[in-house]
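Q: Input: one structure, supplied below.
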Amino acid sequence: MKKLKFKVTINAPSHKVYDVMLGINKKSTYEAWTALFNPTSTFEGSWNKGNKILFLGIDEKGEKGGMVSKIAENIPNRFVSIQHYGLLKGDKEITEGPEVEKWANGFENYSFEENNGTTIVTVDLDTTEDFLDYMNQTYPKALDKLKEICEK
């Protein structure tokens with residue numbers, strides 16, 4: 001696993017950034033910024049600590065796929081830790097085997113640090129070698145989209 005870090009400064013309080021980023025009150029806000037990864041990006045499940053959550057999208061073949069994950073930690077407006085432990089192919093959850101071993105126990109962590117109404121979001125994530133370029137190119141654009149939505 002490779003570790004990546006991205007930061008964005010957003011002119012909005014942390015409670016708003018947290019709400020928009022995770023789609024707490026309106027799932028569409030989560031879908032809007034994650035659309036840069038996949039135009040059909042969404043989630044099923046809950047952001048509560050210990051809960052399973054699926055991060056989904058439709059691929060170019062029209063098939064549902066994504067990540068099977070667990071919320072390892074959620075401190076509202078401050079920190080969220082997502083532990084990825086499987087893949088979703090169609091309606092089948094795959095939690096073991098060579099495809100999953102590359103991703104198993106990878107984390108995606110969001111930190112929210114507010115100072116005078118401005119929030120710095122830091123994303124720390126584990127990724128595989130084959131997704132390194134994609135994440136380095138796409139994550140900054142997605143965070144810029146998040147900033148745009150939060151600052152409206």
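Here, A, B, ... name the chains of the structure tokens in the order displayed, residue numbers run from 1 inside each chain, and ligands are numbered from 1 in the same displayed order.
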Mind listing the alpha helix (DSSP H) residues of stretch 31-77 of chain A, per DSSP on the backbone, as a list in words?
A: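 Selecting the alpha helix (DSSP H) positions of stretch 31-77 of chain A gives Glu31, Ala32, Trp33 and Thr34 of chain A.
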Q: Output N, CA, C and O atoms for every residue in that selection, as a PDB file, in the first residue's frame.
A:
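Written file, selection.pdb:
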```pdb
ATOM      1  N   GLU A  31     -22.475  12.909  -3.359  1.00  0.00           N
ATOM      2  CA  GLU A  31     -22.440  12.454  -4.754  1.00  0.00           C
ATOM      3  C   GLU A  31     -21.854  13.515  -5.680  1.00  0.00           C
ATOM      4  O   GLU A  31     -21.175  13.178  -6.662  1.00  0.00           O
ATOM      5  N   ALA A  32     -22.071  14.791  -5.360  1.00  0.00           N
ATOM      6  CA  ALA A  32     -21.589  15.879  -6.222  1.00  0.00           C
ATOM      7  C   ALA A  32     -20.061  15.952  -6.257  1.00  0.00           C
ATOM      8  O   ALA A  32     -19.463  16.087  -7.322  1.00  0.00           O
ATOM      9  N   TRP A  33     -19.414  15.857  -5.100  1.00  0.00           N
ATOM     10  CA  TRP A  33     -17.946  15.969  -5.117  1.00  0.00           C
ATOM     11  C   TRP A  33     -17.278  14.655  -5.500  1.00  0.00           C
ATOM     12  O   TRP A  33     -16.213  14.661  -6.124  1.00  0.00           O
ATOM     13  N   THR A  34     -17.908  13.524  -5.181  1.00  0.00           N
ATOM     14  CA  THR A  34     -17.298  12.233  -5.539  1.00  0.00           C
ATOM     15  C   THR A  34     -17.576  11.858  -6.994  1.00  0.00           C
ATOM     16  O   THR A  34     -17.004  10.900  -7.506  1.00  0.00           O
TER      17      THR A  34
END
```
Q: Write out as a list in words which residues come within 10 Å of A:Phe37 when counting only C-alpha atoms, dropping same-chain ones fewer than 3 positions away.
A: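 The residues satisfying every condition are Glu31, Trp33, Thr34, Thr40, Ser41, Gly57, Tyr134, Met135, Thr138, Tyr139, Lys141 and Ala142 of chain A.
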Q: Please write the residues from the selection above to a file, keeping all heavy atoms, as an mmCIF file, in the first residue's frame.
A:
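As written to disk, selection23.cif reads:
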```
data_model
loop_
_atom_site.group_PDB
_atom_site.id
_atom_site.type_symbol
_atom_site.label_atom_id
_atom_site.label_comp_id
_atom_site.auth_asym_id
_atom_site.auth_seq_id
_atom_site.Cartn_x
_atom_site.Cartn_y
_atom_site.Cartn_z
ATOM 1 N N GLU A 31 -22.475 12.909 -3.359
ATOM 2 C CA GLU A 31 -22.440 12.454 -4.754
ATOM 3 C C GLU A 31 -21.854 13.515 -5.680
ATOM 4 O O GLU A 31 -21.175 13.178 -6.662
ATOM 5 C CB GLU A 31 -23.844 12.048 -5.202
ATOM 6 C CG GLU A 31 -24.354 10.830 -4.460
ATOM 7 C CD GLU A 31 -25.837 10.562 -4.624
ATOM 8 O OE1 GLU A 31 -26.582 11.481 -5.046
ATOM 9 O OE2 GLU A 31 -26.259 9.433 -4.321
ATOM 10 N N TRP A 33 -19.414 15.857 -5.100
ATOM 11 C CA TRP A 33 -17.946 15.969 -5.117
ATOM 12 C C TRP A 33 -17.278 14.655 -5.500
ATOM 13 O O TRP A 33 -16.213 14.661 -6.124
ATOM 14 C CB TRP A 33 -17.395 16.552 -3.814
ATOM 15 C CG TRP A 33 -17.321 15.624 -2.641
ATOM 16 C CD1 TRP A 33 -18.296 15.392 -1.718
ATOM 17 C CD2 TRP A 33 -16.204 14.819 -2.238
ATOM 18 N NE1 TRP A 33 -17.855 14.484 -0.784
ATOM 19 C CE2 TRP A 33 -16.573 14.117 -1.072
ATOM 20 C CE3 TRP A 33 -14.919 14.624 -2.762
ATOM 21 C CZ2 TRP A 33 -15.722 13.233 -0.417
ATOM 22 C CZ3 TRP A 33 -14.063 13.737 -2.103
ATOM 23 C CH2 TRP A 33 -14.469 13.057 -0.942
ATOM 24 N N THR A 34 -17.908 13.524 -5.181
ATOM 25 C CA THR A 34 -17.298 12.233 -5.539
ATOM 26 C C THR A 34 -17.576 11.858 -6.994
ATOM 27 O O THR A 34 -17.004 10.900 -7.506
ATOM 28 C CB THR A 34 -17.760 11.102 -4.599
ATOM 29 O OG1 THR A 34 -19.178 10.976 -4.663
ATOM 30 C CG2 THR A 34 -17.303 11.361 -3.169
ATOM 31 N N THR A 40 -21.457 8.262 -11.229
ATOM 32 C CA THR A 40 -22.583 7.612 -10.540
ATOM 33 C C THR A 40 -22.259 7.295 -9.084
ATOM 34 O O THR A 40 -22.981 6.539 -8.431
ATOM 35 C CB THR A 40 -22.985 6.307 -11.270
ATOM 36 O OG1 THR A 40 -21.873 5.393 -11.228
ATOM 37 C CG2 THR A 40 -23.380 6.572 -12.711
ATOM 38 N N SER A 41 -21.199 7.872 -8.572
ATOM 39 C CA SER A 41 -20.735 7.589 -7.214
ATOM 40 C C SER A 41 -21.809 7.869 -6.156
ATOM 41 O O SER A 41 -22.465 8.908 -6.178
ATOM 42 C CB SER A 41 -19.503 8.445 -6.917
ATOM 43 O OG SER A 41 -19.040 8.210 -5.616
ATOM 44 N N GLY A 57 -20.688 2.624 -7.510
ATOM 45 C CA GLY A 57 -20.845 3.342 -8.761
ATOM 46 C C GLY A 57 -21.125 2.324 -9.851
ATOM 47 O O GLY A 57 -20.999 1.120 -9.646
ATOM 48 N N TYR A 134 -4.010 7.766 -10.660
ATOM 49 C CA TYR A 134 -5.431 8.133 -10.691
ATOM 50 C C TYR A 134 -5.796 8.966 -9.458
ATOM 51 O O TYR A 134 -6.432 10.011 -9.566
ATOM 52 C CB TYR A 134 -6.285 6.866 -10.780
ATOM 53 C CG TYR A 134 -7.763 7.122 -10.665
ATOM 54 C CD1 TYR A 134 -8.481 7.665 -11.731
ATOM 55 C CD2 TYR A 134 -8.449 6.831 -9.492
ATOM 56 C CE1 TYR A 134 -9.839 7.912 -11.628
ATOM 57 C CE2 TYR A 134 -9.813 7.065 -9.383
ATOM 58 C CZ TYR A 134 -10.494 7.608 -10.453
ATOM 59 O OH TYR A 134 -11.836 7.853 -10.340
ATOM 60 N N MET A 135 -5.408 8.494 -8.285
ATOM 61 C CA MET A 135 -5.733 9.213 -7.043
ATOM 62 C C MET A 135 -5.032 10.576 -7.002
ATOM 63 O O MET A 135 -5.637 11.573 -6.622
ATOM 64 C CB MET A 135 -5.350 8.390 -5.812
ATOM 65 C CG MET A 135 -6.232 7.204 -5.592
ATOM 66 S SD MET A 135 -7.944 7.697 -5.279
ATOM 67 C CE MET A 135 -8.665 6.127 -4.883
ATOM 68 N N THR A 138 -7.005 12.755 -9.472
ATOM 69 C CA THR A 138 -8.436 12.953 -9.250
ATOM 70 C C THR A 138 -8.767 13.549 -7.885
ATOM 71 O O THR A 138 -9.659 14.395 -7.788
ATOM 72 C CB THR A 138 -9.192 11.619 -9.441
ATOM 73 O OG1 THR A 138 -8.781 11.038 -10.680
ATOM 74 C CG2 THR A 138 -10.692 11.832 -9.462
ATOM 75 N N TYR A 139 -8.074 13.137 -6.833
ATOM 76 C CA TYR A 139 -8.443 13.613 -5.491
ATOM 77 C C TYR A 139 -8.380 15.128 -5.352
ATOM 78 O O TYR A 139 -9.313 15.742 -4.823
ATOM 79 C CB TYR A 139 -7.627 12.914 -4.392
ATOM 80 C CG TYR A 139 -8.527 12.339 -3.329
ATOM 81 C CD1 TYR A 139 -8.704 10.980 -3.185
ATOM 82 C CD2 TYR A 139 -9.259 13.172 -2.479
ATOM 83 C CE1 TYR A 139 -9.563 10.457 -2.228
ATOM 84 C CE2 TYR A 139 -10.116 12.658 -1.521
ATOM 85 C CZ TYR A 139 -10.260 11.306 -1.409
ATOM 86 O OH TYR A 139 -11.113 10.800 -0.462
ATOM 87 N N LYS A 141 -8.887 17.405 -7.583
ATOM 88 C CA LYS A 141 -10.039 17.960 -8.309
ATOM 89 C C LYS A 141 -11.327 17.747 -7.517
ATOM 90 O O LYS A 141 -12.189 18.627 -7.460
ATOM 91 C CB LYS A 141 -10.167 17.303 -9.689
ATOM 92 C CG LYS A 141 -9.032 17.636 -10.624
ATOM 93 C CD LYS A 141 -9.143 16.841 -11.913
ATOM 94 C CE LYS A 141 -7.904 17.026 -12.764
ATOM 95 N NZ LYS A 141 -7.836 16.063 -13.864
ATOM 96 N N ALA A 142 -11.456 16.569 -6.911
ATOM 97 C CA ALA A 142 -12.647 16.276 -6.112
ATOM 98 C C ALA A 142 -12.712 17.204 -4.894
ATOM 99 O O ALA A 142 -13.788 17.707 -4.546
ATOM 100 C CB ALA A 142 -12.649 14.807 -5.681
#
```
Q: Would you mind listing what lies within 9 Å of A:Lys2 as a list in words, with only C-alpha atoms counted and same-chain residues fewer than 2 positions away left out?
A: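 Residues near the query, excluding close chain neighbours: Leu4, Leu125, Asp126, Thr127, Thr128, Glu129 and Leu132 of chain A.
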Q: DSSP on the backbone: what in stretch 9-80 of chain A comes out strand (DSSP E or B), as an NGL selection string?
A: :A and (9-10 or 42-45 or 52-58 or 64-75 or 79-80)
Q: Would you save the residues of that selection, restricted to N, CA, C and O atoms, as a JSON list (two decimals), in the first residue's frame?
A:
```json
[["chain", "number", "residue", "atom", "x", "y", "z"],
["A", 9, "THR", "N", -8.26, 23.92, 1.90],
["A", 9, "THR", "CA", -8.76, 24.91, 2.85],
["A", 9, "THR", "C", -10.09, 25.43, 2.32],
["A", 9, "THR", "O", -10.16, 25.89, 1.17],
["A", 10, "ILE", "N", -11.11, 25.33, 3.16],
["A", 10, "ILE", "CA", -12.47, 25.70, 2.75],
["A", 10, "ILE", "C", -12.99, 26.80, 3.67],
["A", 10, "ILE", "O", -12.91, 26.69, 4.89],
["A", 42, "THR", "N", -21.97, 6.92, -5.24],
["A", 42, "THR", "CA", -22.90, 7.08, -4.12],
["A", 42, "THR", "C", -22.45, 6.15, -2.99],
["A", 42, "THR", "O", -21.40, 5.50, -3.09],
["A", 43, "PHE", "N", -23.24, 6.10, -1.93],
["A", 43, "PHE", "CA", -22.96, 5.15, -0.86],
["A", 43, "PHE", "C", -24.26, 4.57, -0.35],
["A", 43, "PHE", "O", -25.33, 5.15, -0.52],
["A", 44, "GLU", "N", -24.16, 3.39, 0.24],
["A", 44, "GLU", "CA", -25.28, 2.76, 0.93],
["A", 44, "GLU", "C", -24.79, 2.38, 2.32],
["A", 44, "GLU", "O", -23.74, 1.75, 2.44],
["A", 45, "GLY", "N", -25.54, 2.77, 3.32],
["A", 45, "GLY", "CA", -25.14, 2.46, 4.68],
["A", 45, "GLY", "C", -25.10, 3.73, 5.51],
["A", 45, "GLY", "O", -25.66, 4.76, 5.13],
["A", 52, "LYS", "N", -21.17, -0.93, 8.62],
["A", 52, "LYS", "CA", -20.72, -1.24, 7.26],
["A", 52, "LYS", "C", -21.28, -0.17, 6.33],
["A", 52, "LYS", "O", -22.38, 0.32, 6.52],
["A", 53, "ILE", "N", -20.47, 0.17, 5.32],
["A", 53, "ILE", "CA", -20.90, 1.15, 4.32],
["A", 53, "ILE", "C", -20.34, 0.69, 2.98],
["A", 53, "ILE", "O", -19.22, 0.17, 2.91],
["A", 54, "LEU", "N", -21.15, 0.83, 1.95],
["A", 54, "LEU", "CA", -20.72, 0.47, 0.60],
["A", 54, "LEU", "C", -20.53, 1.75, -0.21],
["A", 54, "LEU", "O", -21.40, 2.62, -0.20],
["A", 55, "PHE", "N", -19.40, 1.85, -0.89],
["A", 55, "PHE", "CA", -19.14, 2.96, -1.79],
["A", 55, "PHE", "C", -19.29, 2.42, -3.20],
["A", 55, "PHE", "O", -18.53, 1.54, -3.61],
["A", 56, "LEU", "N", -20.29, 2.92, -3.92],
["A", 56, "LEU", "CA", -20.72, 2.31, -5.17],
["A", 56, "LEU", "C", -20.69, 3.25, -6.36],
["A", 56, "LEU", "O", -20.78, 4.46, -6.20],
["A", 57, "GLY", "N", -20.69, 2.62, -7.51],
["A", 57, "GLY", "CA", -20.84, 3.34, -8.76],
["A", 57, "GLY", "C", -21.12, 2.32, -9.85],
["A", 57, "GLY", "O", -21.00, 1.12, -9.65],
["A", 58, "ILE", "N", -21.52, 2.82, -11.00],
["A", 58, "ILE", "CA", -21.76, 1.98, -12.16],
["A", 58, "ILE", "C", -20.55, 2.13, -13.08],
["A", 58, "ILE", "O", -20.15, 3.25, -13.40],
["A", 64, "LYS", "N", -22.73, -2.58, -11.43],
["A", 64, "LYS", "CA", -22.51, -1.96, -10.12],
["A", 64, "LYS", "C", -21.22, -2.52, -9.52],
["A", 64, "LYS", "O", -20.96, -3.71, -9.59],
["A", 65, "GLY", "N", -20.43, -1.66, -8.92],
["A", 65, "GLY", "CA", -19.20, -2.10, -8.27],
["A", 65, "GLY", "C", -18.76, -1.08, -7.25],
["A", 65, "GLY", "O", -19.30, 0.02, -7.18],
["A", 66, "GLY", "N", -17.77, -1.46, -6.46],
["A", 66, "GLY", "CA", -17.25, -0.52, -5.48],
["A", 66, "GLY", "C", -16.53, -1.19, -4.34],
["A", 66, "GLY", "O", -16.02, -2.31, -4.48],
["A", 67, "MET", "N", -16.51, -0.50, -3.22],
["A", 67, "MET", "CA", -15.77, -0.94, -2.04],
["A", 67, "MET", "C", -16.73, -1.31, -0.91],
["A", 67, "MET", "O", -17.74, -0.64, -0.71],
["A", 68, "VAL", "N", -16.37, -2.37, -0.19],
["A", 68, "VAL", "CA", -17.07, -2.76, 1.03],
["A", 68, "VAL", "C", -16.19, -2.25, 2.17],
["A", 68, "VAL", "O", -15.01, -2.58, 2.25],
["A", 69, "SER", "N", -16.78, -1.45, 3.04],
["A", 69, "SER", "CA", -15.99, -0.75, 4.05],
["A", 69, "SER", "C", -16.71, -0.72, 5.39],
["A", 69, "SER", "O", -17.89, -1.05, 5.49],
["A", 70, "LYS", "N", -15.95, -0.29, 6.39],
["A", 70, "LYS", "CA", -16.49, -0.13, 7.74],
["A", 70, "LYS", "C", -16.04, 1.23, 8.26],
["A", 70, "LYS", "O", -14.92, 1.67, 7.97],
["A", 71, "ILE", "N", -16.93, 1.89, 9.00],
["A", 71, "ILE", "CA", -16.55, 3.16, 9.63],
["A", 71, "ILE", "C", -15.80, 2.81, 10.91],
["A", 71, "ILE", "O", -16.38, 2.35, 11.89],
["A", 72, "ALA", "N", -14.47, 3.00, 10.86],
["A", 72, "ALA", "CA", -13.62, 2.66, 12.00],
["A", 72, "ALA", "C", -13.75, 3.70, 13.12],
["A", 72, "ALA", "O", -13.62, 3.37, 14.29],
["A", 73, "GLU", "N", -14.00, 4.95, 12.71],
["A", 73, "GLU", "CA", -14.16, 6.03, 13.69],
["A", 73, "GLU", "C", -14.95, 7.16, 13.05],
["A", 73, "GLU", "O", -14.86, 7.38, 11.85],
["A", 74, "ASN", "N", -15.75, 7.82, 13.87],
["A", 74, "ASN", "CA", -16.47, 9.01, 13.41],
["A", 74, "ASN", "C", -16.66, 9.95, 14.58],
["A", 74, "ASN", "O", -17.47, 9.69, 15.47],
["A", 75, "ILE", "N", -15.88, 10.99, 14.60],
["A", 75, "ILE", "CA", -16.01, 12.05, 15.59],
["A", 75, "ILE", "C", -16.57, 13.24, 14.81],
["A", 75, "ILE", "O", -15.84, 13.88, 14.06],
["A", 79, "PHE", "N", -13.23, 14.13, 12.66],
["A", 79, "PHE", "CA", -12.45, 13.02, 12.10],
["A", 79, "PHE", "C", -13.33, 11.85, 11.70],
["A", 79, "PHE", "O", -14.24, 11.47, 12.44],
["A", 80, "VAL", "N", -13.07, 11.30, 10.53],
["A", 80, "VAL", "CA", -13.75, 10.09, 10.06],
["A", 80, "VAL", "C", -12.69, 9.15, 9.50],
["A", 80, "VAL", "O", -11.83, 9.57, 8.71]]
```
Q: Distance atom CA of A:Pro76-atom CA of A:Lys3, one decimal place?
A: 23.9 Å
Q: Looking at only C-alpha atoms, which of A:Arg78, A:Lys16, A:Lys147, A:Lys27 is the one that sits closest to A:Tyr110?
A: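 Checking each candidate against A:Tyr110, we get A:Arg78 as the closest.
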Q: Rounded to one decimal, what separation in Å do you get between atom CA of A:Tyr85 and atom CA of A:His15?
A: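 We find that atom CA of A:Tyr85 and atom CA of A:His15 lie 27.9 Å from each other.
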Q: Tell me, in Å to one decimal, how far atom CA of A:Thr118 is from atom CA of A:Phe6.
A: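 Atom CA of A:Phe6 lies 16.7 Å from atom CA of A:Thr118.
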